[in-house]
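Here's the structure we're looking at; comments come further down.
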Amino acid sequence: MKQLLEEIAGAVAGIYRDAVDPIGERFTFKRRATEGEIKGPPLVLILGNHSSGKSTFVNFLLDDDVQKTGLAPTDDGFTILSFGEKEEVRDGNAIVGNPELAYGGLRGFGDELVTHLRMKLRNHELLRQVTLVDSPGMIDALGDDGGRGFDFPGTVRWFAERADVVLVFFDPDKPGTTGETLQVFTQSLSGIDHKLLIVMNKMDQFRSLQDFARAYGALCWNLGKVIPRKDLPLIYTTFVPVPGAPEPLLPVGDFEKARHELVAEIQKAPARRVDNMLTQVSDFSEKLRLHARVLDQAARDLRRFRAKAWTGVVASVLLLAAAGAIAIAAGASVWYAVFLFVAAVAAGYAGFIVQRALVRREEVHLQNGLDEVFERLYARELLVRERTEDLRSLWRRVHDRTRETSIKLGLLSFPRLRKDELARIDQALEREIPELRSKLHKKTASAREPAVQTA
Ligand SMILES: Nc1nc2c(ncn2[C@@H]2O[C@H](COP(=O)(O)OP(=O)(O)OP(=O)(O)O)[C@@H](O)[C@H]2O)c(=O)[nH]1
Ligand SMILES: [Mg+2]
């Protein structure tokens with residue numbers, strides 16, 4: 001499996017390099033995933049209320065007391081847990097300053113965050129497959145930045161976008177009720193709910209079924225408010241045995257099973273990572289192709305318009321010059337011929353000014369009418385029913401960026417989109433990415449088969 005994942009990561013990096021970059025750079029599209037992000041290890045982000053048991057769960061996964069735990073808010077920073085032959089702790093500056101690690105982007109959140117960042121290297125088998133990120137517990141926000149001194153929802157979003165699995169822990173005390181929970185769900189996790197695994201932890205603490213039902217109901221109610229889905233996500237109800245905790249009163253069999261399932265999901269992060277990577281490269285390439293094709297078409301329209309305007313100017317100058325020449329040949333007074341030549345030069349100059357104004361007006365008209373360019377360019381595809389909605393929704397997501405680029409750089413600054421460039425990105429989208437995806441699915445299906453047979 002590891003070999004396949006590396007092979008796919010290599011192929012994706014190749015697609016970005018050969019098919020995406022040549023167009024992306026010239027048509028200035030958004031930043032694409034970096035090599036470090038593509039080839040970096042799969043990421044599991046652990047979020048949740050303070051004291052909900054995040055660090056205890058990390059220690060359970062790594063079978064070691066790596067993280068400090070306790071009932072008071074114990075952690076106000078992010079800890080990245082990665083594989084290392086030797087135990088080591090690195091501080092924030094060493095993490096964001098290392099170009100081989102893909103965390104340089106966190107520098108943008110300021111020094112305050114950097115001082116709240118550390119990395120712990122441990123020699124544990126699980127960390128060979130995934131990197132874990134333990135986070136500060138969510139609390140009731142104090143002030144604009146939650147009293148943290150850095151942009152907490154922004155940082156969570158940064159990690160969540162790069163993560164392959166995001167666990168969100170809740171506990172019986174605060175089933176989705178802290179101020180930051182709402183903020184994180186609406187600002188940091190929107191649009192990535194497919195990566196979310198919701199965990200109701202500390203199930204061993206419930207003294208009665210009624211208490212459990214009340215807390216579970218409250219959690220569902222609160223989640224329903226922040227996750228815009230018709231169905232509720234699956235909630236893993238589980239616990240981690242901690243020394244000295246009172247004996248559980250509810251039967252724990254199912255909660256232990258849920259814990260095993262959760263661990264299995266975390267172990268699947270590498271496969272999810274490749275899946276996410278393929279989705280990302282395909283989504284990015286599709287948007288870029290649309291962006292570049294619309295800009296290219298608008299630029300071609302404008303060039304054609306400019307050529308027409310120039311033809312008009314040149315024709316009128318030539319006409320006046322020819323009239324001058326004929327007048328001389330016909331024996332008209334020299335002054336009359338001079339007058340015609342001067343008129344030709346003046347007409348040329350005036351024509352040039354008018355032509356420039358007309359081209360500028362046409363450019364603004366095209367920039368404001370990119371929707372029309374899109375409709376014209378994709379008229380044939382839009383007639384095929386099942387593509388219509390996909391294509392239009394893709395265009396809605398790209399439009400603002402395309403318009404902004406066309407205004408900032410000017411339509412005439414875009415070189416023509418070449419046929420071979422378009423064919424290369426088409427090939428990536430229509431052949432290479434689907435082939436990689438089916439390779440991955442075949443492999444994950446065959447890895448799952450023995451388990452199905454023994455069940
Ligand atoms: N009974 C019980 N106690 C737990 C469980 N998980 C954690 N605890 C206890 O809850 C307390 C808080 O656990 P932590 O792991 O520190 O919680 P955290 O979410 O990392 O907290 P912060 O880092 O402060 O956000 C500790 O005293 C743990 O021993 C559990 O499943 N059951
Ligand atoms: Mg903790």
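Order determines the names: the first chain of the structure tokens is A, the second B, and so forth; residues in each chain are numbered 1 upward, and ligands are numbered 1 upward as they are shown.
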
| message | Around ligand 1, which protein and nucleic acid residues have at least one atom no more than 9 Å from it, if we count only C-alpha atoms and all ligand atoms? List them as a ChimeraX atom specification. | response | /A:47-59,67-77,134-139,169-171,201-205,238-248

Residue neighbourhood stretch 253-268 of chain A, 8 Å, only C-alpha atoms, exclusion window fewer than 2 positions, as a PDB file with C-alpha atoms, in the first residue's frame:
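File produced: out-v3.pdb:
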ATOM      1  CA  VAL A  44      -4.879  13.595  11.562  1.00  0.00           C
ATOM      2  CA  LEU A  61      -2.775   5.816  20.389  1.00  0.00           C
ATOM      3  CA  LEU A 126       1.523   4.594  13.885  1.00  0.00           C
ATOM      4  CA  GLN A 129       1.922   6.175   8.677  1.00  0.00           C
ATOM      5  CA  VAL A 130       0.318   9.363   9.979  1.00  0.00           C
ATOM      6  CA  VAL A 165      -9.035  13.115   9.028  1.00  0.00           C
ATOM      7  CA  MET A 203     -18.764   7.523  27.949  1.00  0.00           C
ATOM      8  CA  TYR A 236     -18.403   7.674  17.839  1.00  0.00           C
ATOM      9  CA  THR A 237     -19.442   7.120  21.459  1.00  0.00           C
ATOM     10  CA  THR A 238     -16.361   5.944  23.283  1.00  0.00           C
ATOM     11  CA  PHE A 239     -13.915   6.410  26.161  1.00  0.00           C
ATOM     12  CA  PRO A 251     -22.168  -1.590  29.605  1.00  0.00           C
ATOM     13  CA  PRO A 270      -3.003   7.306   4.236  1.00  0.00           C
ATOM     14  CA  ALA A 271      -5.614   5.999   1.781  1.00  0.00           C
ATOM     15  CA  ARG A 272      -7.816   9.018   2.475  1.00  0.00           C
TER      16      ARG A 272
END

| request: Point out the residue among A:Lys408, A:Asp140, A:Ala321, A:Gly351 with the least atom-to-atom distance to A:Ala337, counting only C-alpha atoms. | output: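 With only C-alpha atoms as the atom set, the closest residue is A:Ala321.
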
| Spatial neighbours of A:Leu429, 12 Å, only C-alpha atoms, chain gap at least 2 places, as number ranges by chain | A: 12, 15-16, 19-20, 278-289, 422-427, 431-437

Mind writing the picked residues with N, CA, C and O atoms as a compact mmCIF listing (two decimals), in the first residue's frame?
# COMPACT_ATOMS: atom_id res chain seq x y z
N VAL A 12 0.88 12.59 -9.06
CA VAL A 12 0.15 13.86 -8.85
C VAL A 12 1.12 15.04 -8.95
O VAL A 12 0.82 16.05 -9.60
N ILE A 15 1.69 15.69 -12.52
CA ILE A 15 0.56 16.38 -13.18
C ILE A 15 0.63 17.88 -12.89
O ILE A 15 0.47 18.72 -13.77
N TYR A 16 0.89 18.22 -11.62
CA TYR A 16 1.00 19.64 -11.28
C TYR A 16 2.11 20.29 -12.09
O TYR A 16 1.95 21.37 -12.64
N ALA A 19 1.25 19.57 -16.35
CA ALA A 19 -0.02 19.99 -16.96
C ALA A 19 -0.55 21.29 -16.35
O ALA A 19 -1.17 22.10 -17.05
N VAL A 20 -0.31 21.47 -15.04
CA VAL A 20 -0.95 22.60 -14.36
C VAL A 20 -0.07 23.86 -14.37
O VAL A 20 -0.52 24.94 -14.74
N LEU A 278 -6.06 13.33 -4.90
CA LEU A 278 -6.60 13.21 -6.26
C LEU A 278 -7.77 14.17 -6.46
O LEU A 278 -7.91 14.80 -7.50
N THR A 279 -8.62 14.28 -5.43
CA THR A 279 -9.74 15.22 -5.52
C THR A 279 -9.21 16.64 -5.68
O THR A 279 -9.71 17.42 -6.50
N GLN A 280 -8.16 16.93 -4.91
CA GLN A 280 -7.59 18.28 -4.93
C GLN A 280 -7.00 18.61 -6.31
O GLN A 280 -7.29 19.67 -6.87
N VAL A 281 -6.22 17.69 -6.86
CA VAL A 281 -5.57 17.99 -8.15
C VAL A 281 -6.62 18.07 -9.25
O VAL A 281 -6.54 18.90 -10.16
N SER A 282 -7.65 17.23 -9.14
CA SER A 282 -8.67 17.25 -10.19
C SER A 282 -9.50 18.53 -10.10
O SER A 282 -9.75 19.20 -11.10
N ASP A 283 -9.86 18.91 -8.87
CA ASP A 283 -10.63 20.13 -8.66
C ASP A 283 -9.82 21.36 -9.13
O ASP A 283 -10.34 22.23 -9.85
N PHE A 284 -8.56 21.38 -8.74
CA PHE A 284 -7.70 22.51 -9.10
C PHE A 284 -7.54 22.61 -10.62
O PHE A 284 -7.68 23.68 -11.21
N SER A 285 -7.28 21.45 -11.26
CA SER A 285 -7.05 21.47 -12.72
C SER A 285 -8.32 21.89 -13.46
O SER A 285 -8.25 22.62 -14.45
N GLU A 286 -9.47 21.42 -12.97
CA GLU A 286 -10.73 21.77 -13.65
C GLU A 286 -10.99 23.28 -13.56
O GLU A 286 -11.37 23.92 -14.54
N LYS A 287 -10.74 23.82 -12.36
CA LYS A 287 -10.96 25.25 -12.19
C LYS A 287 -9.98 26.04 -13.03
O LYS A 287 -10.35 27.02 -13.68
N LEU A 288 -8.72 25.60 -13.02
CA LEU A 288 -7.70 26.32 -13.79
C LEU A 288 -8.02 26.27 -15.29
O LEU A 288 -7.90 27.28 -15.99
N ARG A 289 -8.46 25.10 -15.77
CA ARG A 289 -8.76 24.98 -17.20
C ARG A 289 -9.88 25.95 -17.59
O ARG A 289 -9.81 26.66 -18.60
N LEU A 422 -3.59 22.71 -23.67
CA LEU A 422 -4.96 22.32 -23.35
C LEU A 422 -5.11 20.80 -23.41
O LEU A 422 -5.74 20.18 -22.55
N ALA A 423 -4.48 20.20 -24.42
CA ALA A 423 -4.56 18.75 -24.57
C ALA A 423 -3.91 18.06 -23.37
O ALA A 423 -4.39 17.04 -22.89
N ARG A 424 -2.83 18.67 -22.83
CA ARG A 424 -2.11 18.05 -21.70
C ARG A 424 -2.99 18.05 -20.45
O ARG A 424 -3.08 17.06 -19.76
N ILE A 425 -3.66 19.17 -20.20
CA ILE A 425 -4.49 19.24 -18.98
C ILE A 425 -5.76 18.37 -19.18
O ILE A 425 -6.23 17.73 -18.24
N ASP A 426 -6.26 18.32 -20.41
CA ASP A 426 -7.41 17.43 -20.71
C ASP A 426 -7.03 15.99 -20.42
O ASP A 426 -7.80 15.22 -19.83
N GLN A 427 -5.84 15.62 -20.86
CA GLN A 427 -5.39 14.24 -20.67
C GLN A 427 -5.28 13.91 -19.17
O GLN A 427 -5.69 12.84 -18.73
N ARG A 431 -7.97 11.24 -18.34
CA ARG A 431 -7.37 9.90 -18.32
C ARG A 431 -6.56 9.62 -17.07
O ARG A 431 -6.86 8.68 -16.33
N GLU A 432 -5.53 10.45 -16.83
CA GLU A 432 -4.57 10.08 -15.78
C GLU A 432 -5.19 10.04 -14.38
O GLU A 432 -5.02 9.07 -13.65
N ILE A 433 -5.95 11.09 -14.01
CA ILE A 433 -6.51 11.13 -12.65
C ILE A 433 -7.52 9.99 -12.44
O ILE A 433 -7.44 9.26 -11.44
N PRO A 434 -8.48 9.77 -13.38
CA PRO A 434 -9.38 8.62 -13.18
C PRO A 434 -8.64 7.29 -13.08
O PRO A 434 -9.01 6.43 -12.28
N GLU A 435 -7.56 7.13 -13.85
CA GLU A 435 -6.81 5.87 -13.77
C GLU A 435 -6.17 5.70 -12.40
O GLU A 435 -6.21 4.62 -11.81
N LEU A 436 -5.60 6.79 -11.88
CA LEU A 436 -4.97 6.72 -10.55
C LEU A 436 -6.03 6.39 -9.49
O LEU A 436 -5.82 5.61 -8.58
N ARG A 437 -7.21 7.01 -9.64
CA ARG A 437 -8.28 6.78 -8.67
C ARG A 437 -8.74 5.32 -8.69
O ARG A 437 -8.92 4.70 -7.65

| field | Gap from atom CA of A:Thr115 to atom CA of A:Phe60 - Å, one decimal | value | 26.3 Å
